[in-house]
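> See run-v2.pdb below, with PDB, C-alpha atoms.
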ATOM      1  CA  MET A 160       2.084 -21.419  36.473
ATOM      2  CA  ALA A 161      -1.442 -21.119  35.111
ATOM      3  CA  ILE A 162      -3.431 -18.158  36.363
ATOM      4  CA  ASP A 163      -6.839 -19.022  37.769
ATOM      5  CA  PHE A 164      -9.486 -17.373  39.918
ATOM      6  CA  GLN A 165     -11.002 -20.330  41.747
ATOM      7  CA  GLY A 166     -12.782 -19.028  44.830
ATOM      8  CA  ARG A 167     -12.440 -15.411  43.688
ATOM      9  CA  VAL A 168     -15.254 -12.946  43.025
ATOM     10  CA  ALA A 169     -14.885 -10.289  40.337
ATOM     11  CA  ILE A 170     -16.847  -7.208  39.341
ATOM     12  CA  VAL A 171     -16.502  -5.845  35.812
ATOM     13  CA  THR A 172     -18.294  -2.591  35.032
ATOM     14  CA  GLY A 173     -19.455  -1.831  31.515
ATOM     15  CA  ALA A 174     -19.253  -5.557  30.809
ATOM     16  CA  GLY A 175     -22.167  -5.843  28.387
ATOM     17  CA  SER A 176     -20.010  -5.428  25.293
ATOM     18  CA  GLY A 177     -16.517  -4.661  24.035
ATOM     19  CA  LEU A 178     -13.627  -4.731  26.480
ATOM     20  CA  GLY A 179     -15.777  -5.322  29.542
ATOM     21  CA  ARG A 180     -17.466  -8.339  28.000
ATOM     22  CA  SER A 181     -14.082  -9.751  27.027
ATOM     23  CA  HIS A 182     -12.749  -9.236  30.572
ATOM     24  CA  ALA A 183     -15.815 -10.808  32.203
ATOM     25  CA  LEU A 184     -15.774 -13.879  29.943
ATOM     26  CA  ALA A 185     -12.046 -14.439  30.481
ATOM     27  CA  LEU A 186     -12.252 -14.109  34.267
ATOM     28  CA  ALA A 187     -15.215 -16.485  34.385
ATOM     29  CA  ALA A 188     -13.448 -18.996  32.124
ATOM     30  CA  ARG A 189     -10.623 -19.095  34.681
ATOM     31  CA  GLY A 190     -12.944 -19.758  37.589
ATOM     32  CA  ALA A 191     -14.040 -16.342  38.853
ATOM     33  CA  ARG A 192     -17.615 -15.712  39.857
ATOM     34  CA  VAL A 193     -18.496 -12.489  38.083
ATOM     35  CA  VAL A 194     -20.855  -9.568  38.565
ATOM     36  CA  VAL A 195     -21.532  -8.342  35.031
ATOM     37  CA  ASN A 196     -22.484  -4.687  35.308
ATOM     38  CA  ASP A 197     -23.877  -2.720  32.385
ATOM     39  CA  LEU A 198     -26.461   0.035  32.183
ATOM     40  CA  GLY A 199     -27.140  -0.996  28.597
ATOM     41  CA  GLY A 200     -27.151   2.532  27.215
ATOM     42  CA  ALA A 201     -25.894   4.012  23.969
ATOM     43  CA  VAL A 202     -22.264   5.035  23.442
ATOM     44  CA  ASP A 203     -23.137   8.551  24.654
ATOM     45  CA  GLY A 204     -24.643   7.147  27.846
ATOM     46  CA  THR A 205     -28.275   7.751  27.002
ATOM     47  CA  GLY A 206     -30.950   5.103  27.412
ATOM     48  CA  GLY A 207     -30.661   1.780  29.137
ATOM     49  CA  SER A 208     -31.477  -1.890  28.764
ATOM     50  CA  ALA A 209     -30.932  -5.069  30.766
ATOM     51  CA  LYS A 210     -30.237  -7.033  27.610
ATOM     52  CA  ALA A 211     -26.480  -6.452  27.294
ATOM     53  CA  ALA A 212     -25.519  -7.584  30.806
ATOM     54  CA  ASP A 213     -28.034 -10.428  30.783
ATOM     55  CA  GLN A 214     -26.613 -11.825  27.543
ATOM     56  CA  VAL A 215     -23.073 -11.913  28.928
ATOM     57  CA  VAL A 216     -24.312 -13.649  32.089
ATOM     58  CA  ALA A 217     -26.065 -16.211  29.875
ATOM     59  CA  GLU A 218     -22.818 -16.793  27.963
ATOM     60  CA  ILE A 219     -20.892 -17.362  31.180
ATOM     61  CA  LYS A 220     -23.477 -19.762  32.554
ATOM     62  CA  ALA A 221     -23.691 -21.649  29.264
ATOM     63  CA  ALA A 222     -19.939 -22.253  29.520
ATOM     64  CA  GLY A 223     -20.323 -23.615  33.040
ATOM     65  CA  GLY A 224     -19.409 -20.477  34.963
ATOM     66  CA  GLU A 225     -21.148 -18.421  37.648
ATOM     67  CA  ALA A 226     -22.339 -14.863  37.099
ATOM     68  CA  VAL A 227     -25.029 -12.382  38.052
ATOM     69  CA  ALA A 228     -26.122  -9.277  36.191
ATOM     70  CA  ASN A 229     -26.370  -5.750  37.497
ATOM     71  CA  HIS A 230     -27.871  -2.855  35.533
ATOM     72  CA  ASP A 231     -27.008   0.149  37.710
ATOM     73  CA  SER A 232     -25.127   3.235  36.554
ATOM     74  CA  VAL A 233     -21.640   3.616  38.014
ATOM     75  CA  SER A 234     -22.078   7.396  38.007
ATOM     76  CA  ASP A 235     -24.739   7.155  40.717
ATOM     77  CA  ALA A 236     -23.182   6.548  44.141
ATOM     78  CA  ALA A 237     -26.144   4.494  45.343
ATOM     79  CA  GLY A 238     -26.070   2.482  42.127
ATOM     80  CA  ALA A 239     -22.340   1.878  42.513
ATOM     81  CA  ALA A 240     -22.960   0.560  46.027
ATOM     82  CA  ARG A 241     -25.593  -1.828  44.653
ATOM     83  CA  ILE A 242     -23.068  -3.204  42.156
ATOM     84  CA  VAL A 243     -20.749  -4.198  44.992
ATOM     85  CA  GLN A 244     -23.620  -5.412  47.146
ATOM     86  CA  ALA A 245     -24.666  -7.753  44.337
ATOM     87  CA  ALA A 246     -21.311  -9.526  44.690
ATOM     88  CA  VAL A 247     -21.497  -9.627  48.480
ATOM     89  CA  ASP A 248     -25.082 -10.902  48.443
ATOM     90  CA  ALA A 249     -24.292 -13.627  45.927
ATOM     91  CA  TRP A 250     -20.888 -14.801  47.141
ATOM     92  CA  GLY A 251     -19.893 -12.927  50.283
ATOM     93  CA  ARG A 252     -16.765 -11.149  49.031
ATOM     94  CA  VAL A 253     -15.134  -9.017  46.317
ATOM     95  CA  ASP A 254     -11.616  -9.898  45.208
ATOM     96  CA  VAL A 255     -11.351  -8.192  41.828
ATOM     97  CA  LEU A 256     -12.734  -4.926  40.477
ATOM     98  CA  VAL A 257     -12.263  -3.863  36.871
ATOM     99  CA  ASN A 258     -13.433  -0.270  36.386
ATOM    100  CA  ASN A 259     -14.203  -0.363  32.676
ATOM    101  CA  ALA A 260     -17.529   1.456  32.201
ATOM    102  CA  GLY A 261     -17.374   4.496  29.969
ATOM    103  CA  ILE A 262     -19.108   6.687  27.420
ATOM    104  CA  LEU A 263     -18.085   9.179  24.759
ATOM    105  CA  ARG A 264     -19.421  12.638  23.955
ATOM    106  CA  ASP A 265     -16.708  13.900  21.642
ATOM    107  CA  LYS A 266     -16.630  17.476  20.398
ATOM    108  CA  SER A 267     -14.039  20.220  20.199
ATOM    109  CA  PHE A 268     -13.735  22.152  23.453
ATOM    110  CA  ALA A 269     -15.088  25.362  21.921
ATOM    111  CA  LYS A 270     -18.286  23.595  20.878
ATOM    112  CA  MET A 271     -18.700  21.265  23.854
ATOM    113  CA  GLU A 272     -21.569  21.821  26.255
ATOM    114  CA  LEU A 273     -20.451  21.775  29.888
ATOM    115  CA  GLY A 274     -23.139  19.213  30.596
ATOM    116  CA  ASP A 275     -21.404  16.807  28.226
ATOM    117  CA  PHE A 276     -18.092  17.509  29.921
ATOM    118  CA  ASP A 277     -19.594  16.790  33.335
ATOM    119  CA  THR A 278     -21.364  13.608  32.244
ATOM    120  CA  VAL A 279     -18.246  12.016  30.774
ATOM    121  CA  VAL A 280     -16.219  12.860  33.891
ATOM    122  CA  ASP A 281     -19.052  11.493  36.049
ATOM    123  CA  VAL A 282     -19.032   8.108  34.315
ATOM    124  CA  HIS A 283     -15.306   7.549  33.862
ATOM    125  CA  LEU A 284     -13.749   9.215  36.894
ATOM    126  CA  LEU A 285     -16.463   9.510  39.524
ATOM    127  CA  GLY A 286     -18.001   6.187  38.480
ATOM    128  CA  SER A 287     -14.697   4.417  39.046
ATOM    129  CA  ALA A 288     -14.275   6.193  42.380
ATOM    130  CA  TYR A 289     -17.814   5.329  43.501
ATOM    131  CA  VAL A 290     -17.535   1.613  42.773
ATOM    132  CA  THR A 291     -14.040   1.469  44.255
ATOM    133  CA  LYS A 292     -15.264   3.267  47.380
ATOM    134  CA  ALA A 293     -17.995   0.655  47.840
ATOM    135  CA  ALA A 294     -15.603  -2.267  47.283
ATOM    136  CA  TRP A 295     -12.754  -0.840  49.383
ATOM    137  CA  PRO A 296     -13.963  -1.827  52.881
ATOM    138  CA  VAL A 297     -14.780  -5.332  51.678
ATOM    139  CA  MET A 298     -11.250  -5.734  50.318
ATOM    140  CA  GLN A 299      -9.738  -4.200  53.452
ATOM    141  CA  ALA A 300     -11.557  -6.707  55.645
ATOM    142  CA  GLN A 301     -10.247  -9.547  53.466
ATOM    143  CA  ASN A 302      -6.715  -8.132  53.349
ATOM    144  CA  TYR A 303      -6.814  -8.804  49.625
ATOM    145  CA  GLY A 304      -7.910  -7.030  46.472
ATOM    146  CA  ARG A 305      -7.009  -6.355  42.875
ATOM    147  CA  ILE A 306      -8.332  -3.192  41.214
ATOM    148  CA  VAL A 307      -7.785  -2.202  37.593
ATOM    149  CA  MET A 308      -8.614   1.286  36.328
ATOM    150  CA  THR A 309      -9.021   2.024  32.623
ATOM    151  CA  THR A 310      -7.199   5.057  31.259
ATOM    152  CA  SER A 311      -6.495   5.985  27.635
ATOM    153  CA  ALA A 312      -3.789   7.373  25.390
ATOM    154  CA  ALA A 313      -6.140  10.357  25.060
ATOM    155  CA  GLY A 314      -5.624  11.073  28.754
ATOM    156  CA  LEU A 315      -1.928  10.235  28.832
ATOM    157  CA  TYR A 316      -0.991  12.131  25.672
ATOM    158  CA  GLY A 317      -4.056  14.085  24.477
ATOM    159  CA  ASN A 318      -6.451  13.762  21.555
ATOM    160  CA  PHE A 319      -8.351  16.389  19.590
ATOM    161  CA  GLY A 320     -12.043  16.594  20.428
ATOM    162  CA  GLN A 321     -11.817  14.603  23.657
ATOM    163  CA  THR A 322     -11.121  17.132  26.409
ATOM    164  CA  ASN A 323     -13.813  15.668  28.680
ATOM    165  CA  TYR A 324     -12.680  12.084  28.116
ATOM    166  CA  ALA A 325      -8.970  12.945  28.390
ATOM    167  CA  ALA A 326      -9.439  14.854  31.649
ATOM    168  CA  ALA A 327     -11.372  11.973  33.198
ATOM    169  CA  LYS A 328      -8.921   9.349  31.993
ATOM    170  CA  LEU A 329      -5.849  11.085  33.386
ATOM    171  CA  GLY A 330      -7.771  11.698  36.604
ATOM    172  CA  LEU A 331      -7.970   7.916  36.991
ATOM    173  CA  VAL A 332      -4.172   7.753  37.034
ATOM    174  CA  GLY A 333      -4.141  10.188  39.946
ATOM    175  CA  LEU A 334      -6.785   8.109  41.720
ATOM    176  CA  MET A 335      -4.648   4.996  41.244
ATOM    177  CA  ASN A 336      -1.493   6.731  42.460
ATOM    178  CA  ALA A 337      -3.090   7.600  45.803
ATOM    179  CA  LEU A 338      -4.969   4.313  46.231
ATOM    180  CA  LYS A 339      -1.850   2.220  45.602
ATOM    181  CA  GLN A 340      -0.390   3.724  48.786
ATOM    182  CA  GLU A 341      -3.525   3.463  50.881
ATOM    183  CA  GLY A 342      -4.225  -0.116  49.827
ATOM    184  CA  ALA A 343      -0.759  -1.598  50.260
ATOM    185  CA  LYS A 344      -1.101  -2.450  53.965
ATOM    186  CA  ASN A 345      -4.235  -4.485  53.210
ATOM    187  CA  GLY A 346      -2.919  -6.338  50.203
ATOM    188  CA  ILE A 347      -4.930  -4.245  47.752
ATOM    189  CA  LEU A 348      -3.046  -3.661  44.505
ATOM    190  CA  VAL A 349      -4.238  -0.980  42.098
ATOM    191  CA  ASN A 350      -3.089  -0.783  38.479
ATOM    192  CA  THR A 351      -4.306   0.840  35.273
ATOM    193  CA  ILE A 352      -4.755  -0.414  31.729
ATOM    194  CA  ALA A 353      -4.437   1.918  28.734
ATOM    195  CA  PRO A 354      -6.175   0.017  25.921
ATOM    196  CA  VAL A 355      -6.030   0.449  22.177
ATOM    197  CA  ALA A 356      -8.875  -1.710  20.903
ATOM    198  CA  ALA A 357     -11.733  -1.730  18.427
ATOM    199  CA  THR A 358     -15.019  -1.490  20.305
ATOM    200  CA  ARG A 359     -18.305   0.278  19.626
ATOM    201  CA  MET A 360     -16.837   3.306  21.430
ATOM    202  CA  THR A 361     -13.651   3.490  19.368
ATOM    203  CA  GLU A 362     -14.201   1.798  16.004
ATOM    204  CA  ALA A 363     -14.927   5.112  14.276
ATOM    205  CA  LEU A 364     -11.563   6.475  15.438
ATOM    206  CA  PHE A 365      -9.387   3.912  13.616
ATOM    207  CA  PRO A 366      -8.774   3.190   9.915
ATOM    208  CA  PRO A 367     -10.885   0.171   8.859
ATOM    209  CA  ALA A 368      -7.762  -1.807   7.902
ATOM    210  CA  LEU A 369      -6.586  -1.716  11.525
ATOM    211  CA  LEU A 370      -9.799  -2.910  13.152
ATOM    212  CA  PRO A 371      -9.209  -6.685  12.757
ATOM    213  CA  HIS A 372      -5.898  -6.312  14.618
ATOM    214  CA  LEU A 373      -7.346  -4.396  17.571
ATOM    215  CA  LYS A 374      -9.054  -7.297  19.311
ATOM    216  CA  PRO A 375     -10.319  -6.769  22.874
ATOM    217  CA  GLU A 376      -8.725 -10.084  23.839
ATOM    218  CA  TYR A 377      -5.283  -8.498  23.585
ATOM    219  CA  ILE A 378      -6.271  -6.031  26.312
ATOM    220  CA  THR A 379      -7.923  -8.701  28.396
ATOM    221  CA  ALA A 380      -4.724 -10.755  28.625
ATOM    222  CA  ALA A 381      -3.040  -7.903  30.513
ATOM    223  CA  VAL A 382      -6.124  -7.130  32.601
ATOM    224  CA  VAL A 383      -6.485 -10.750  33.730
ATOM    225  CA  TYR A 384      -2.840 -10.790  34.816
ATOM    226  CA  LEU A 385      -3.234  -7.518  36.757
ATOM    227  CA  CYS A 386      -6.306  -8.996  38.473
ATOM    228  CA  SER A 387      -4.529 -12.170  39.550
ATOM    229  CA  GLU A 388      -2.631 -13.402  42.596
ATOM    230  CA  ALA A 389       0.388 -13.742  40.295
ATOM    231  CA  CYS A 390       0.567  -9.953  39.996
ATOM    232  CA  ASN A 391       2.649  -8.203  42.649
ATOM    233  CA  ALA A 392       2.814  -4.849  40.874
ATOM    234  CA  THR A 393       0.901  -1.805  42.045
ATOM    235  CA  GLY A 394       0.695   1.666  40.534
ATOM    236  CA  ASP A 395       1.568   0.514  37.009
ATOM    237  CA  ILE A 396       0.058   1.894  33.798
ATOM    238  CA  VAL A 397       0.115  -0.790  31.119
ATOM    239  CA  SER A 398      -0.471   0.246  27.526
ATOM    240  CA  ALA A 399      -1.895  -2.612  25.454
ATOM    241  CA  GLY A 400      -3.148  -3.111  21.931
ATOM    242  CA  ALA A 401      -2.758  -5.348  18.873
ATOM    243  CA  GLY A 402      -0.381  -7.648  20.756
ATOM    244  CA  PHE A 403       1.811  -4.774  22.025
ATOM    245  CA  TYR A 404       2.387  -4.104  25.730
ATOM    246  CA  ALA A 405       4.383  -1.356  27.446
ATOM    247  CA  LYS A 406       4.604   0.499  30.741
ATOM    248  CA  ALA A 407       3.772   4.206  30.741
ATOM    249  CA  GLN A 408       5.019   6.542  33.478
ATOM    250  CA  VAL A 409       4.903  10.118  34.642
ATOM    251  CA  VAL A 410       8.517  11.286  34.890
ATOM    252  CA  GLU A 411      10.299  14.486  35.923
ATOM    253  CA  SER A 412      13.481  16.081  34.619
ATOM    254  CA  GLU A 413      16.499  16.554  36.871
ATOM    255  CA  GLY A 414      15.633  20.252  36.931
ATOM    256  CA  VAL A 415      17.561  23.359  37.924
ATOM    257  CA  PHE A 416      18.058  24.668  41.468
ATOM    258  CA  PHE A 417      18.824  28.388  41.646
ATOM    259  CA  GLY A 418      19.754  28.403  45.314
ATOM    260  CA  ALA A 419      18.038  28.681  48.686
ATOM    261  CA  GLY A 420      16.727  32.166  49.326
ATOM    262  CA  SER A 421      17.655  33.362  45.844
ATOM    263  CA  SER A 422      15.471  35.701  43.830
ATOM    264  CA  VAL A 423      14.267  34.026  40.649
ATOM    265  CA  SER A 424      12.995  36.161  37.771
ATOM    266  CA  PRO A 425      10.993  35.184  34.668
ATOM    267  CA  GLU A 426      14.122  36.058  32.653
ATOM    268  CA  MET A 427      16.115  33.460  34.586
ATOM    269  CA  ILE A 428      13.456  30.852  33.794
ATOM    270  CA  ALA A 429      13.632  31.810  30.112
ATOM    271  CA  GLU A 430      17.421  31.617  30.043
ATOM    272  CA  ASN A 431      17.459  28.191  31.701
ATOM    273  CA  TYR A 432      14.318  26.704  30.178
ATOM    274  CA  GLY A 433      16.285  24.268  28.052
ATOM    275  CA  ARG A 434      17.987  22.851  31.160
ATOM    276  CA  ILE A 435      14.733  22.834  33.140
ATOM    277  CA  THR A 436      13.027  20.750  30.445
ATOM    278  CA  ASP A 437      15.986  18.497  29.614
ATOM    279  CA  MET A 438      14.636  14.958  30.011
ATOM    280  CA  SER A 439      17.960  13.137  29.604
ATOM    281  CA  GLN A 440      18.122  12.513  33.387
ATOM    282  CA  ALA A 441      14.371  12.062  33.889
ATOM    283  CA  ARG A 442      13.117   9.759  36.615
ATOM    284  CA  ALA A 443       9.828   8.485  37.989
ATOM    285  CA  TYR A 444       8.658   8.808  41.589
ATOM    286  CA  ALA A 445       6.696   6.232  43.561
ATOM    287  CA  ALA A 446       5.079   8.875  45.764
ATOM    288  CA  ALA A 447       4.657  12.641  45.952
ATOM    289  CA  MET A 448       6.959  12.943  48.946
ATOM    290  CA  GLU A 449       9.822  11.400  46.963
ATOM    291  CA  GLU A 450       9.643  14.340  44.591
ATOM    292  CA  VAL A 451       9.441  16.766  47.504
ATOM    293  CA  ALA A 452      12.478  15.073  49.065
ATOM    294  CA  LYS A 453      14.437  15.717  45.867
ATOM    295  CA  ILE A 454      13.701  19.430  46.090
ATOM    296  CA  PHE A 455      14.781  19.617  49.719
ATOM    297  CA  GLY A 456      17.840  17.567  48.850
ATOM    298  CA  PHE A 457      19.074  20.490  46.766
ATOM    299  CA  PHE A 458      19.056  22.675  49.888
ATOM    300  CA  GLN A 459      21.295  20.196  51.693
ATOM    301  CA  LYS A 460      23.733  20.085  48.797
ATOM    302  CA  LYS A 461      24.006  23.872  48.807
TER     303      LYS A 461
END
As C-alpha cells, what does this structure read like?


Amino acid sequence: MAIDFQGRVAIVTGAGSGLGRSHALALAARGARVVVNDLGGAVDGTGGSAKAADQVVAEIKAAGGEAVANHDSVSDAAGAARIVQAAVDAWGRVDVLVNNAGILRDKSFAKMELGDFDTVVDVHLLGSAYVTKAAWPVMQAQNYGRIVMTTSAAGLYGNFGQTNYAAAKLGLVGLMNALKQEGAKNGILVNTIAPVAATRMTEALFPPALLPHLKPEYITAAVVYLCSEACNATGDIVSAGAGFYAKAQVVESEGVFFGAGSSVSPEMIAENYGRITDMSQARAYAAAMEEVAKIFGFFQKK
C-alpha cells in the first residue's frame, strides 16, 4: 500500500538544506502540507537568513505542494512555539514532527569551551524538546501524532571530538523513551532516526569516495515511513545510511545477583566482573520498570 500524507500537516526543523530539506520535499511530494523551519545559520549555528527555508518552500510550491516557511530558532522556547503555531495558523493541526535541526561545534573535550558545549545541547536536545512540547497538546487533542527524533552514531557509540554533540544525541533517545510511554494513549508514536549521510554538517567527516553513496534520500525513506499511518512502531531507533537499515537498542546483561541482604565488596565485583558484563543473555526493556521488575524477581527466586 502506497504511503501518503493527504490531509496531514508536517513540521520539519532544520529543513533548509541537507536531511531536513530531503524530508520536507518527500513529505510534501506525498501530500503533506509542510512547515519548513530553518534559522538559516552557519554549520556552527551562527548567523541567520530566511533564504534557505524560503527556497525549499518555493521548491515545494513549484511542484504543486503546500508549504510555509518559518525562520525561528528551535533553541528558543518562544521560537519553538511559533514554529508549531505556524502550522496551526495555516492548517489547523500538526500530525507529523521531524526534529532534525542541528549544529556542530567539534573540538576535543579538553579544548572545548563550555559555551560551545551548552549551545550544541541547546539546539539538538532542548530544541527538540521545545518544539515537541509545543506540538504535544495539539497531537493529544487530535489523538494522533508521529514524532521522529534525530540521534547519531556519535551519541549511540561515541566519536572523538564530539562530546557536546554525542551527549545531546543520546539525550534524545532518553527523551523518546519517556515520550513513547506518555504518548501511547493518545496515538502519538515517537521514534528516532540515526542517520549516516553526507550533508554540509558531516561531509568533512567522511572519505570523499564515500560521499556519493551517502545520499540524504536514503535516510528520508525511513523517516517518511516512521512519520506515516503505516507505522505502528514506537520507541525504535533506526540506523540508516547508504541503503542500509538496522534497529539499534539499549540492552542489559543477565547480570549477577549476590543475594538479598548480602554484603557485597569491591573484590566480589572484581571477581565476578566477567559474569556481570557477559552479554550472551542480553535483553532489551520496553520501560524502566521492566528492568526494576527483573531485579526484584531475583529476590523472589531466592

> Using Å and a single decimal, report how far CA of Gly420 (chain A) sits from CA of Ala452 (chain A).

17.6 Å

> Name all residues at most 6 Å from region 246-256 of chain A (count only C-alpha atoms; drop same-chain ones fewer than 3 positions away) and give them as JSON, numbers by chain.

{"A": [167, 168, 169, 170, 243, 304, 305, 306]}

> Mind pulling up the distance from CA of Val349 (chain A) to CA of Cys386 (chain A)?

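Rounded to one decimal, the two atoms are 9.0 Å apart.
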
> If you apply the PyMOL selection byres ((chain A and resi 290) around 12) to this file, what residues do you get, as number ranges by chain?

A: 170-173, 196, 231-246, 253, 255-260, 282-289, 291-297, 306-308

> Have a look at CA of Asn391 (chain A) and CA of Ala441 (chain A) and let me know their distance in Å, one decimal.

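Between CA of Asn391 (chain A) and CA of Ala441 (chain A) the gap works out to 25.0 Å.
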
> I'd like to see the residues matched by the PyMOL selection byres ((chain A and resi 375-378) around 10) on this file, and ideally I'd get them as number ranges by chain.

A: 177-182, 185, 352-358, 372-374, 379-383, 397-404

> Calculated over all atoms listed in the file, which of the candidates A:Asn229, A:Thr322, A:Ser387, A:Gln440 has the smallest distance to Val195 (chain A)?

A:Asn229

> Report as a Markdown table the residues of region 290-363 of chain A within 8 Å of region 264-274 of chain A, each with its shortest atom pair and distance in Å (one decimal), using all atoms listed in the file, ordered by chain and increasing residue number.


| residue | atom | partner | partner_atom | distance |
| --- | --- | --- | --- | --- |
| A:Phe319 | CA | A:Ser267 | CA | 6.9 |
| A:Gly320 | CA | A:Ser267 | CA | 4.1 |
| A:Gln321 | CA | A:Asp265 | CA | 5.3 |
| A:Thr322 | CA | A:Phe268 | CA | 6.4 |
| A:Asn323 | CA | A:Asp265 | CA | 7.8 |
| A:Tyr324 | CA | A:Asp265 | CA | 7.8 |

> Rebuild region 393-401 of chain A to all heavy atoms - output it as a CSV table (one decimal), keeping the file's coordinate frame, please.


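File rebuild07.csv, as written:
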chain,number,residue,atom,x,y,z
A,393,THR,N,2.0,-2.8,41.7
A,393,THR,CA,0.9,-1.8,42.0
A,393,THR,C,1.3,-0.4,41.5
A,393,THR,O,2.5,-0.1,41.6
A,393,THR,CB,0.6,-1.8,43.5
A,393,THR,OG1,-0.6,-1.1,43.8
A,393,THR,CG2,1.7,-1.2,44.4
A,394,GLY,N,0.4,0.3,41.1
A,394,GLY,CA,0.7,1.7,40.5
A,394,GLY,C,1.2,1.7,39.1
A,394,GLY,O,1.8,2.7,38.7
A,395,ASP,N,1.1,0.6,38.4
A,395,ASP,CA,1.6,0.5,37.0
A,395,ASP,C,0.5,1.0,36.0
A,395,ASP,O,-0.7,0.7,36.2
A,395,ASP,CB,2.0,-0.9,36.6
A,395,ASP,CG,3.4,-1.2,37.2
A,395,ASP,OD1,4.1,-0.3,37.7
A,395,ASP,OD2,3.8,-2.4,37.0
A,396,ILE,N,0.9,1.6,35.0
A,396,ILE,CA,0.1,1.9,33.8
A,396,ILE,C,0.6,1.0,32.7
A,396,ILE,O,1.7,1.2,32.2
A,396,ILE,CB,0.1,3.4,33.4
A,396,ILE,CG1,-0.2,4.3,34.6
A,396,ILE,CG2,-0.8,3.6,32.2
A,396,ILE,CD1,0.2,5.7,34.3
A,397,VAL,N,-0.3,0.1,32.2
A,397,VAL,CA,0.1,-0.8,31.1
A,397,VAL,C,-0.6,-0.4,29.8
A,397,VAL,O,-1.9,-0.5,29.8
A,397,VAL,CB,-0.2,-2.3,31.5
A,397,VAL,CG1,0.2,-3.2,30.4
A,397,VAL,CG2,0.6,-2.6,32.8
A,398,SER,N,0.1,0.0,28.8
A,398,SER,CA,-0.5,0.2,27.5
A,398,SER,C,-0.6,-1.1,26.8
A,398,SER,O,0.4,-1.9,26.8
A,398,SER,CB,0.4,1.2,26.8
A,398,SER,OG,-0.1,1.5,25.5
A,399,ALA,N,-1.7,-1.3,26.1
A,399,ALA,CA,-1.9,-2.6,25.5
A,399,ALA,C,-2.7,-2.4,24.2
A,399,ALA,O,-3.7,-1.6,24.2
A,399,ALA,CB,-2.6,-3.6,26.4
A,400,GLY,N,-2.4,-3.1,23.2
A,400,GLY,CA,-3.1,-3.1,21.9
A,400,GLY,C,-2.5,-3.9,20.8
A,400,GLY,O,-1.3,-3.8,20.6
A,401,ALA,N,-3.3,-4.6,20.1
A,401,ALA,CA,-2.8,-5.3,18.9
A,401,ALA,C,-1.6,-6.2,19.2
A,401,ALA,O,-0.7,-6.4,18.3
A,401,ALA,CB,-2.4,-4.3,17.8
